[in-house]
>>> print(open('data_13.csv').read())   # CSV, C-alpha atoms
chain,number,residue,atom,x,y,z
D,1,MET,CA,18.9,-34.1,-12.2
D,2,ALA,CA,21.5,-31.6,-13.2
D,3,LYS,CA,20.5,-31.3,-16.8
D,4,SER,CA,17.4,-29.3,-17.6
D,5,GLU,CA,14.4,-31.6,-18.0
D,6,LYS,CA,12.2,-31.1,-21.0
D,7,PRO,CA,8.6,-31.7,-20.3
D,8,ARG,CA,7.9,-35.5,-20.7
D,9,VAL,CA,5.9,-36.1,-23.8
D,10,SER,CA,3.8,-39.3,-24.1
D,11,ARG,CA,4.6,-41.5,-27.1
D,12,ASN,CA,1.1,-42.8,-27.0
D,13,LYS,CA,-1.3,-40.2,-28.3
D,14,GLU,CA,-4.7,-40.2,-26.6
D,15,LEU,CA,-7.7,-40.9,-28.9
D,16,ILE,CA,-10.4,-40.6,-26.2
D,17,ARG,CA,-9.9,-40.3,-22.5
D,18,GLY,CA,-8.7,-43.7,-21.4
D,19,VAL,CA,-7.9,-45.0,-24.9
D,20,GLY,CA,-4.5,-44.6,-26.6
D,21,ARG,CA,-3.5,-45.0,-30.2
D,22,PHE,CA,-1.1,-47.9,-29.6
D,23,SER,CA,-1.6,-51.2,-27.7
D,24,ARG,CA,0.5,-52.4,-24.9
D,25,SER,CA,2.7,-54.6,-27.1
D,26,LYS,CA,3.2,-51.7,-29.5
D,27,MET,CA,4.1,-49.4,-26.7
D,28,TYR,CA,6.6,-51.9,-25.4
D,29,HIS,CA,8.3,-51.8,-28.7
D,30,LYS,CA,8.1,-48.0,-29.0
D,31,ARG,CA,9.6,-47.4,-25.5
D,32,GLY,CA,12.5,-49.6,-26.5
D,33,ILE,CA,12.3,-51.9,-23.5
D,34,TRP,CA,13.6,-54.7,-25.8
D,35,ALA,CA,16.7,-52.6,-26.5
D,36,LEU,CA,17.3,-52.0,-22.8
D,37,LYS,CA,17.0,-55.7,-22.2
D,38,GLU,CA,19.4,-56.6,-24.9
D,39,LYS,CA,21.9,-54.2,-23.5
D,40,ASN,CA,21.5,-55.8,-20.1
D,41,GLY,CA,21.8,-59.4,-21.2
D,42,GLY,CA,18.2,-60.6,-21.5
D,43,SER,CA,16.5,-59.0,-18.5
D,44,PHE,CA,15.5,-55.5,-17.5
D,45,PRO,CA,18.2,-53.8,-15.5
D,46,ARG,CA,17.6,-53.8,-11.8
D,47,HIS,CA,19.6,-53.1,-8.8
D,48,ASP,CA,19.4,-54.7,-5.4
D,49,LYS,CA,18.2,-52.8,-2.5
D,50,GLN,CA,20.9,-50.8,-0.8
D,51,PRO,CA,21.7,-52.0,2.7
D,52,PRO,CA,19.9,-49.8,5.2
D,53,GLN,CA,22.0,-46.9,6.4
D,54,ALA,CA,22.5,-46.9,10.2
D,55,LYS,CA,20.3,-44.2,11.7
D,56,ALA,CA,21.8,-41.8,14.1
D,57,VAL,CA,20.8,-42.7,17.7
D,58,GLU,CA,18.1,-40.3,18.8
D,59,LYS,CA,18.1,-39.2,22.4
D,60,ALA,CA,14.9,-39.0,24.2
D,61,PRO,CA,13.8,-35.3,24.4
D,62,LYS,CA,14.2,-33.5,27.7
D,63,PHE,CA,10.9,-31.7,27.4
D,64,TYR,CA,7.4,-32.9,26.4
D,65,PRO,CA,4.8,-30.2,25.9
D,66,ALA,CA,1.7,-30.6,28.1
D,67,ASP,CA,-0.9,-30.7,25.4
D,68,ASP,CA,-0.8,-32.3,22.0
D,69,GLU,CA,-1.4,-29.2,19.9
D,70,PRO,CA,-1.5,-29.3,16.1
D,71,LYS,CA,1.3,-27.2,14.6
D,72,PRO,CA,0.3,-24.4,12.4
D,73,LEU,CA,1.2,-24.8,8.7
D,74,ILE,CA,4.4,-23.2,7.6
D,75,ASN,CA,3.8,-20.0,5.6
D,76,LYS,CA,6.4,-19.4,3.0
D,77,ARG,CA,4.6,-16.6,1.3
D,78,LYS,CA,6.7,-13.5,0.4
D,79,PRO,CA,4.6,-10.5,-0.4
D,80,LYS,CA,5.4,-8.9,-3.7
D,81,PRO,CA,6.9,-5.4,-3.8
D,82,THR,CA,4.2,-2.8,-4.3
D,83,LYS,CA,3.7,-2.0,-8.0
D,84,LEU,CA,4.6,1.6,-8.8
D,85,ARG,CA,1.9,3.4,-10.7
D,86,SER,CA,3.0,4.1,-14.3
D,87,SER,CA,2.5,7.8,-13.8
D,88,ILE,CA,5.1,8.0,-11.1
D,89,THR,CA,8.7,8.1,-12.5
D,90,PRO,CA,11.8,9.5,-10.8
D,91,GLY,CA,11.6,13.2,-11.0
D,92,THR,CA,7.9,13.5,-11.0
D,93,VAL,CA,6.2,16.2,-9.0
D,94,LEU,CA,3.7,14.7,-6.6
D,95,ILE,CA,1.0,16.3,-4.6
D,96,LEU,CA,0.7,15.0,-1.0
D,97,LEU,CA,-2.9,14.4,0.0
D,98,ALA,CA,-2.7,13.7,3.7
D,99,GLY,CA,-0.5,14.1,6.7
D,100,ARG,CA,1.5,17.0,8.0
D,101,PHE,CA,2.5,18.2,4.5
D,102,LYS,CA,-0.9,17.9,2.8
D,103,GLY,CA,-1.2,19.9,-0.3
D,104,LYS,CA,2.5,20.3,-0.8
D,105,ARG,CA,4.1,19.7,-4.1
D,106,VAL,CA,7.1,17.5,-3.8
D,107,VAL,CA,9.7,15.8,-6.0
D,108,PHE,CA,9.8,12.0,-6.2
D,109,LEU,CA,13.2,10.3,-6.0
D,110,LYS,CA,12.7,6.6,-6.0
D,111,GLN,CA,10.7,3.7,-4.6
D,112,LEU,CA,12.2,2.0,-1.5
D,113,GLU,CA,12.2,-1.8,-0.9
D,114,SER,CA,9.2,-1.5,1.4
D,115,GLY,CA,7.2,0.0,-1.5
D,116,LEU,CA,7.1,3.5,0.0
D,117,LEU,CA,8.1,6.4,-2.1
D,118,LEU,CA,11.2,8.5,-1.3
D,119,VAL,CA,10.4,12.1,-1.6
D,120,THR,CA,12.0,15.5,-0.9
D,121,GLY,CA,10.6,19.1,-0.9
D,122,PRO,CA,13.2,20.3,-1.6
D,123,PHE,CA,13.4,21.5,2.0
D,124,LYS,CA,14.3,25.1,1.1
D,125,LEU,CA,11.3,25.5,-1.1
D,126,ASN,CA,8.5,24.0,0.9
D,127,GLY,CA,9.8,22.6,4.1
D,128,VAL,CA,9.4,19.0,3.2
D,129,PRO,CA,12.4,17.0,4.2
D,130,ILE,CA,13.6,13.7,2.7
D,131,ARG,CA,10.6,11.6,3.6
D,132,ARG,CA,8.8,8.4,2.9
D,133,VAL,CA,5.2,8.5,1.5
D,134,ASN,CA,2.7,5.9,0.6
D,135,GLN,CA,1.7,5.8,-3.1
D,136,ALA,CA,-2.0,5.8,-2.2
D,137,TYR,CA,-1.8,9.3,-0.5
D,138,VAL,CA,-0.2,11.0,-3.5
D,139,ILE,CA,-1.4,12.4,-6.8
D,140,ALA,CA,1.2,12.2,-9.6
D,141,THR,CA,1.3,15.3,-11.8
D,142,SER,CA,2.6,15.3,-15.4
D,143,THR,CA,5.4,17.6,-14.4
D,144,LYS,CA,8.7,15.8,-14.5
D,145,ILE,CA,12.2,17.0,-13.6
D,146,ASP,CA,15.4,15.5,-14.8
D,147,ILE,CA,17.1,14.0,-11.7
D,148,SER,CA,19.4,11.6,-13.3
D,149,THR,CA,22.4,13.3,-11.6
D,150,VAL,CA,20.9,12.7,-8.1
D,151,ASP,CA,22.3,10.0,-6.0
D,152,ALA,CA,19.7,8.7,-3.6
D,153,SER,CA,21.3,5.3,-3.0
D,154,LYS,CA,22.1,5.9,0.7
D,155,PHE,CA,18.5,6.3,1.6
D,156,THR,CA,16.8,3.0,2.4
D,157,ASP,CA,14.1,2.0,4.8
D,158,LYS,CA,16.8,1.5,7.5
D,159,TYR,CA,17.7,5.1,7.3
D,160,PHE,CA,14.3,6.0,8.5
D,161,GLU,CA,14.0,3.5,11.3
D,162,LYS,CA,13.5,5.0,14.8
D,163,GLU,CA,16.4,4.7,17.1
D,164,VAL,CA,15.7,2.3,20.0
D,165,VAL,CA,16.3,4.1,23.3
D,166,ARG,CA,17.1,1.6,26.1
D,167,LYS,CA,15.9,2.9,29.4
D,168,LYS,CA,17.1,1.5,32.7
D,169,LYS,CA,14.4,0.9,35.1
D,170,THR,CA,15.8,2.5,38.2
D,171,GLU,CA,13.5,4.8,40.1
D,172,SER,CA,15.6,8.0,40.0
D,173,GLU,CA,16.0,7.7,36.3
D,174,PHE,CA,12.3,7.0,35.9
D,175,PHE,CA,11.5,10.5,37.0
D,176,GLU,CA,14.3,12.0,35.0
D,177,ALA,CA,13.1,10.2,31.9
D,178,GLU,CA,9.9,12.3,32.0
D,179,LYS,CA,11.9,15.4,31.4
D,180,GLU,CA,13.2,14.3,28.1
D,181,ASP,CA,14.6,17.0,25.9
D,182,LYS,CA,13.1,17.3,22.4
D,183,LYS,CA,14.5,14.9,19.9
D,184,THR,CA,16.5,17.0,17.5
D,185,LEU,CA,17.5,15.7,14.1
D,186,PRO,CA,21.1,14.5,14.1
D,187,THR,CA,23.4,16.7,12.1
D,188,GLU,CA,24.3,14.0,9.6
D,189,LYS,CA,20.6,13.8,8.5
D,190,LYS,CA,20.6,17.6,8.1
D,191,GLU,CA,23.8,17.3,6.0
D,192,ASP,CA,22.3,14.5,3.9
D,193,GLN,CA,19.3,16.8,3.2
D,194,LYS,CA,21.5,19.7,2.1
D,195,VAL,CA,23.6,17.5,-0.2
D,196,LEU,CA,20.7,15.9,-1.8
D,197,ASP,CA,18.7,19.1,-2.2
D,198,ALA,CA,21.7,20.9,-3.8
D,199,VAL,CA,21.5,18.6,-6.8
D,200,VAL,CA,17.7,18.6,-6.9
D,201,LEU,CA,17.5,22.4,-6.7
D,202,GLN,CA,19.8,22.7,-9.7
D,203,ALA,CA,17.4,20.6,-11.7
D,204,VAL,CA,14.5,22.6,-10.4
D,205,GLU,CA,16.1,25.9,-11.2
D,206,SER,CA,16.6,24.9,-14.8
D,207,VAL,CA,12.9,24.8,-15.4
D,208,PRO,CA,11.2,28.3,-15.4
D,209,ASP,CA,8.7,29.0,-12.6
D,210,LEU,CA,9.2,25.6,-11.0
D,211,ASN,CA,10.5,27.0,-7.6
D,212,GLN,CA,7.3,29.0,-7.2
D,213,TYR,CA,5.3,26.0,-8.2
D,214,LEU,CA,6.9,23.7,-5.6
D,215,SER,CA,6.7,26.4,-2.9
D,216,SER,CA,3.0,26.8,-3.3
D,217,ARG,CA,0.4,24.3,-2.0
D,218,PHE,CA,-2.4,22.7,-3.9
D,219,SER,CA,-5.9,23.3,-2.9
D,220,LEU,CA,-9.4,22.6,-4.2
D,221,ARG,CA,-11.3,25.8,-5.0
D,222,SER,CA,-14.9,26.4,-5.6
D,223,GLY,CA,-16.0,24.8,-8.8
D,224,MET,CA,-13.0,22.5,-9.1
D,225,LYS,CA,-14.0,18.9,-9.7
D,226,PRO,CA,-11.2,16.5,-9.1
D,227,HIS,CA,-12.7,13.9,-11.4
D,228,GLU,CA,-12.4,16.4,-14.3
D,229,LEU,CA,-9.0,17.8,-13.4
D,230,VAL,CA,-6.0,16.8,-15.4
D,231,PHE,CA,-3.0,16.7,-13.1
W,232,MET,CA,-8.0,19.6,13.0
W,233,VAL,CA,-5.9,22.7,12.4
W,234,LYS,CA,-4.3,22.5,15.9
W,235,GLY,CA,-3.4,26.2,16.2
W,236,ARG,CA,-1.6,26.3,12.9
W,237,GLN,CA,-2.5,29.6,11.2
W,238,GLY,CA,-1.9,29.6,7.6
W,239,GLU,CA,-3.4,28.9,4.3
W,240,ARG,CA,-6.6,26.9,4.6
W,241,ILE,CA,-6.2,24.1,2.2
W,242,ARG,CA,-9.1,22.0,1.1
W,243,LEU,CA,-8.1,18.6,-0.2
W,244,TYR,CA,-11.5,17.1,0.1
W,245,VAL,CA,-14.7,17.4,-2.0
W,246,ARG,CA,-17.8,18.5,-0.1
W,247,GLY,CA,-20.7,16.1,0.1
W,248,ILE,CA,-24.1,16.0,1.6
W,249,ILE,CA,-25.6,13.1,3.4
W,250,LEU,CA,-29.0,12.5,1.9
W,251,GLY,CA,-30.1,9.6,4.0
W,252,TYR,CA,-29.9,5.9,4.2
W,253,LYS,CA,-30.3,3.4,1.4
W,254,ARG,CA,-34.0,2.7,1.4
W,255,SER,CA,-37.1,1.6,-0.4
W,256,LYS,CA,-40.5,3.3,0.0
W,257,SER,CA,-41.1,2.1,3.6
W,258,ASN,CA,-37.9,0.4,4.7
W,259,GLN,CA,-34.5,1.8,5.3
W,260,TYR,CA,-31.2,0.1,5.6
W,261,PRO,CA,-28.9,2.2,7.8
W,262,ASN,CA,-25.7,0.3,7.1
W,263,THR,CA,-25.4,2.1,3.8
W,264,SER,CA,-25.8,5.9,3.4
W,265,LEU,CA,-26.5,7.9,0.3
W,266,ILE,CA,-24.2,10.8,-0.3
W,267,GLN,CA,-24.4,13.6,-2.9
W,268,ILE,CA,-20.9,14.7,-3.9
W,269,GLU,CA,-20.6,18.3,-5.2
W,270,GLY,CA,-20.1,18.5,-8.9
W,271,VAL,CA,-20.8,14.8,-9.6
W,272,ASN,CA,-23.9,14.3,-11.8
W,273,THR,CA,-23.6,11.0,-13.6
W,274,PRO,CA,-22.6,7.4,-12.5
W,275,GLU,CA,-19.7,7.6,-15.0
W,276,GLU,CA,-18.2,10.5,-13.0
W,277,VAL,CA,-18.6,8.5,-9.8
W,278,ASP,CA,-16.0,6.0,-11.0
W,279,TRP,CA,-13.2,8.4,-10.0
W,280,TYR,CA,-14.5,8.4,-6.5
W,281,ARG,CA,-14.9,4.7,-5.9
W,282,GLY,CA,-13.0,3.6,-2.8
W,283,LYS,CA,-12.2,7.2,-1.7
W,284,ARG,CA,-12.4,7.7,2.0
W,285,MET,CA,-14.8,10.0,3.6
W,286,ALA,CA,-15.3,11.5,7.0
W,287,TYR,CA,-18.4,12.7,8.8
W,288,ILE,CA,-17.2,15.3,11.3
W,289,TYR,CA,-19.3,16.5,14.2
W,290,LYS,CA,-19.0,18.2,17.5
W,291,ALA,CA,-19.8,16.8,20.9
W,292,LYS,CA,-20.0,18.3,24.3
W,293,THR,CA,-17.2,16.3,26.0
W,294,LYS,CA,-13.6,16.3,25.0
W,295,LYS,CA,-12.2,13.1,23.7
W,296,ASN,CA,-8.5,12.9,22.7
W,297,GLY,CA,-8.2,16.5,23.5
W,298,THR,CA,-10.9,17.8,21.2
W,299,ASN,CA,-14.6,18.3,21.0
W,300,TYR,CA,-14.6,17.2,17.3
W,301,ARG,CA,-15.3,13.6,16.5
W,302,CYS,CA,-15.3,11.7,13.2
W,303,ILE,CA,-16.8,8.7,11.6
W,304,TRP,CA,-14.7,7.3,8.7
W,305,GLY,CA,-16.2,5.6,5.7
W,306,LYS,CA,-15.7,5.1,2.0
W,307,VAL,CA,-17.5,5.4,-1.3
W,308,THR,CA,-18.7,2.0,-2.4
W,309,ARG,CA,-20.7,2.4,-5.6
W,310,PRO,CA,-22.9,4.8,-7.6
W,311,HIS,CA,-26.5,5.0,-6.8
W,312,GLY,CA,-29.0,5.7,-9.5
W,313,ASN,CA,-28.4,7.8,-12.6
W,314,SER,CA,-27.7,11.3,-11.2
W,315,GLY,CA,-24.3,10.9,-9.5
W,316,VAL,CA,-25.5,10.0,-6.0
W,317,VAL,CA,-23.1,7.7,-4.3
W,318,ARG,CA,-23.5,4.8,-1.8
W,319,ALA,CA,-21.2,4.8,1.2
W,320,LYS,CA,-20.4,2.6,4.1
W,321,PHE,CA,-19.1,3.9,7.3
W,322,ARG,CA,-17.3,2.2,10.1
W,323,THR,CA,-20.3,2.7,12.3
W,324,ASN,CA,-23.6,3.7,10.7
W,325,LEU,CA,-24.2,7.4,10.4
W,326,PRO,CA,-26.6,8.8,13.0
W,327,PRO,CA,-29.9,9.9,11.7
W,328,LYS,CA,-29.3,13.5,12.8
W,329,SER,CA,-26.5,13.6,10.1
W,330,MET,CA,-29.0,13.7,7.3
W,331,GLY,CA,-28.6,16.9,5.4
W,332,GLY,CA,-25.2,17.3,7.0
W,333,ARG,CA,-21.8,17.7,5.5
W,334,VAL,CA,-19.3,14.9,4.6
W,335,ARG,CA,-15.7,15.3,3.4
W,336,VAL,CA,-14.8,13.1,0.5
W,337,PHE,CA,-11.0,12.9,0.4
W,338,MET,CA,-8.9,12.3,-2.7
W,339,TYR,CA,-7.1,9.3,-1.2
W,340,PRO,CA,-6.5,6.3,-1.8
W,341,SER,CA,-5.5,7.9,-5.0
W,342,ARG,CA,-5.3,6.0,-8.3
W,343,ILE,CA,-4.0,8.8,-10.5
>>> encode(input="data_13.csv", output="structure tokens")
Amino acid sequence: MAKSEKPRVSRNKELIRGVGRFSRSKMYHKRGIWALKEKNGGSFPRHDKQPPQAKAVEKAPKFYPADDEPKPLINKRKPKPTKLRSSITPGTVLILLAGRFKGKRVVFLKQLESGLLLVTGPFKLNGVPIRRVNQAYVIATSTKIDISTVDASKFTDKYFEKEVVRKKKTESEFFEAEKEDKKTLPTEKKEDQKVLDAVVLQAVESVPDLNQYLSSRFSLRSGMKPHELVF
Amino acid sequence: MVKGRQGERIRLYVRGIILGYKRSKSNQYPNTSLIQIEGVNTPEEVDWYRGKRMAYIYKAKTKKNGTNYRCIWGKVTRPHGNSGVVRAKFRTNLPPKSMGGRVRVFMYPSRI
């Protein structure tokens, strides 16, 4: 139905399970069947069966599978986007816990559609490029920078996808493919880094000592207990 | 491993000692190990470490994957007793020679 349906309420309040307040005759009256009948000239309105619509002629299939296998049930589940921890907001300084840049302090930009966090060093300060990081491998500190002027909308998960290299399977090229040159970062990505970092660096420079903070790495020292540290 | 990178040595893990297996007086259950994490002394403090991954790293004679170092991964499951000892389950049970040995308790998966 086009109009929004309100939940159907029963006119017959239940006294105990199986027993209603009103009898069948009372309910007949309450539901107004008598009024409908009056409107329709003495009998309850009914319509005759519609003539059966001609079915489209089905052709016999060209192919029958060899075995009668049960089809798997359709899965329409869509995973929810990863919930971002409340301590992580755009402009927070994060500490990376694992991977090539472990221990580095890094600026959080935004959460991508896949749930991963978009993060940048900035590159000049600590060598961390624009990168994706998983929330679980990150400690959020309470230090926050104002990056409202930063435009990170061009960075999505697609930006980080690996380029598919189609190799032809001829013998001569097979040997040549072994001598692949190093994959250098395309200049557009380097430009993107510079453009983004220029804005972030401005925000970083406005806070005293923040460049040294971001350039240094985090490490546990003797006597430091992470469960007692306040980040 | 460090892979030839000279630079600052960063420790992003907490040191731990392998005390032994979960056990009663005369029976031991090797699927769960007991770990003493440095600086943790009460079961309330253990709460921070729940679920954190840990690695037992040891050396072997032959090279596998280009290195003599090998690793068994595991995680902190729950506190054990009243003094901050922790129960841990590893992918494969820890070998008995690891008792008294060092374990690295990492700070991930992080919940802070």
>>> residues_around(input="data_13.csv", residues="Ile249 (chain W)", least_positions_apart="3", cutoff="8 Å", atoms="only C-alpha atoms", output="JSON list (two decimals) with C-alpha atoms, in the frame of the given file")
[["chain", "number", "residue", "atom", "x", "y", "z"],
["W", 264, "SER", "CA", -25.80, 5.90, 3.40],
["W", 265, "LEU", "CA", -26.50, 7.90, 0.30],
["W", 266, "ILE", "CA", -24.20, 10.80, -0.30],
["W", 267, "GLN", "CA", -24.40, 13.60, -2.90],
["W", 329, "SER", "CA", -26.50, 13.60, 10.10],
["W", 330, "MET", "CA", -29.00, 13.70, 7.30],
["W", 331, "GLY", "CA", -28.60, 16.90, 5.40],
["W", 332, "GLY", "CA", -25.20, 17.30, 7.00],
["W", 333, "ARG", "CA", -21.80, 17.70, 5.50],
["W", 334, "VAL", "CA", -19.30, 14.90, 4.60]]
>>> interface_residues(input="data_13.csv", of="chain D", to="chain W", cutoff="9 Å", atoms="all atoms listed in the file", output="PyMOL selection string")
chain D and resi 85+87+97-98+102-103+135-141+217-221+223-228+231
>>> write_last_selection(input="data_13.csv", atoms="C-alpha atoms", output="CSV table (one decimal), keeping the file's coordinate frame")
chain,number,residue,atom,x,y,z
D,85,ARG,CA,1.9,3.4,-10.7
D,87,SER,CA,2.5,7.8,-13.8
D,97,LEU,CA,-2.9,14.4,0.0
D,98,ALA,CA,-2.7,13.7,3.7
D,102,LYS,CA,-0.9,17.9,2.8
D,103,GLY,CA,-1.2,19.9,-0.3
D,135,GLN,CA,1.7,5.8,-3.1
D,136,ALA,CA,-2.0,5.8,-2.2
D,137,TYR,CA,-1.8,9.3,-0.5
D,138,VAL,CA,-0.2,11.0,-3.5
D,139,ILE,CA,-1.4,12.4,-6.8
D,140,ALA,CA,1.2,12.2,-9.6
D,141,THR,CA,1.3,15.3,-11.8
D,217,ARG,CA,0.4,24.3,-2.0
D,218,PHE,CA,-2.4,22.7,-3.9
D,219,SER,CA,-5.9,23.3,-2.9
D,220,LEU,CA,-9.4,22.6,-4.2
D,221,ARG,CA,-11.3,25.8,-5.0
D,223,GLY,CA,-16.0,24.8,-8.8
D,224,MET,CA,-13.0,22.5,-9.1
D,225,LYS,CA,-14.0,18.9,-9.7
D,226,PRO,CA,-11.2,16.5,-9.1
D,227,HIS,CA,-12.7,13.9,-11.4
D,228,GLU,CA,-12.4,16.4,-14.3
D,231,PHE,CA,-3.0,16.7,-13.1
>>> atom_distance(input="data_13.csv", atom1="CA of Phe123 (chain D)", atom2="CA of Ser148 (chain D)")
19.2 Å
>>> residues_near_point(input="data_13.csv", point="(-18.7, 11.5, 19.5)", cutoff="9 Å", atoms="only C-alpha atoms", output="PyMOL selection string")
chain W and resi 289-295+299-303
>>> closest_residue(input="data_13.csv", among="W:Asn324, W:Thr298, W:Asn258, W:Thr263", to="Pro310 (chain W)", atoms="all atoms listed in the file")
W:Thr263
>>> atom_distance(input="data_13.csv", atom1="CA of Asn75 (chain D)", atom2="CA of Ser114 (chain D)")
19.7 Å
>>> residues_around(input="data_13.csv", residues="Asp151 (chain D)", least_positions_apart="3", cutoff="9 Å", atoms="all atoms listed in the file", output="MDAnalysis selection string")
chainID D and resid 147:148 154 196 199
>>> closest_residue(input="data_13.csv", among="W:Tyr260, W:Thr273, W:Arg254, W:Ile248", to="Ser314 (chain W)", atoms="only C-alpha atoms")
W:Thr273
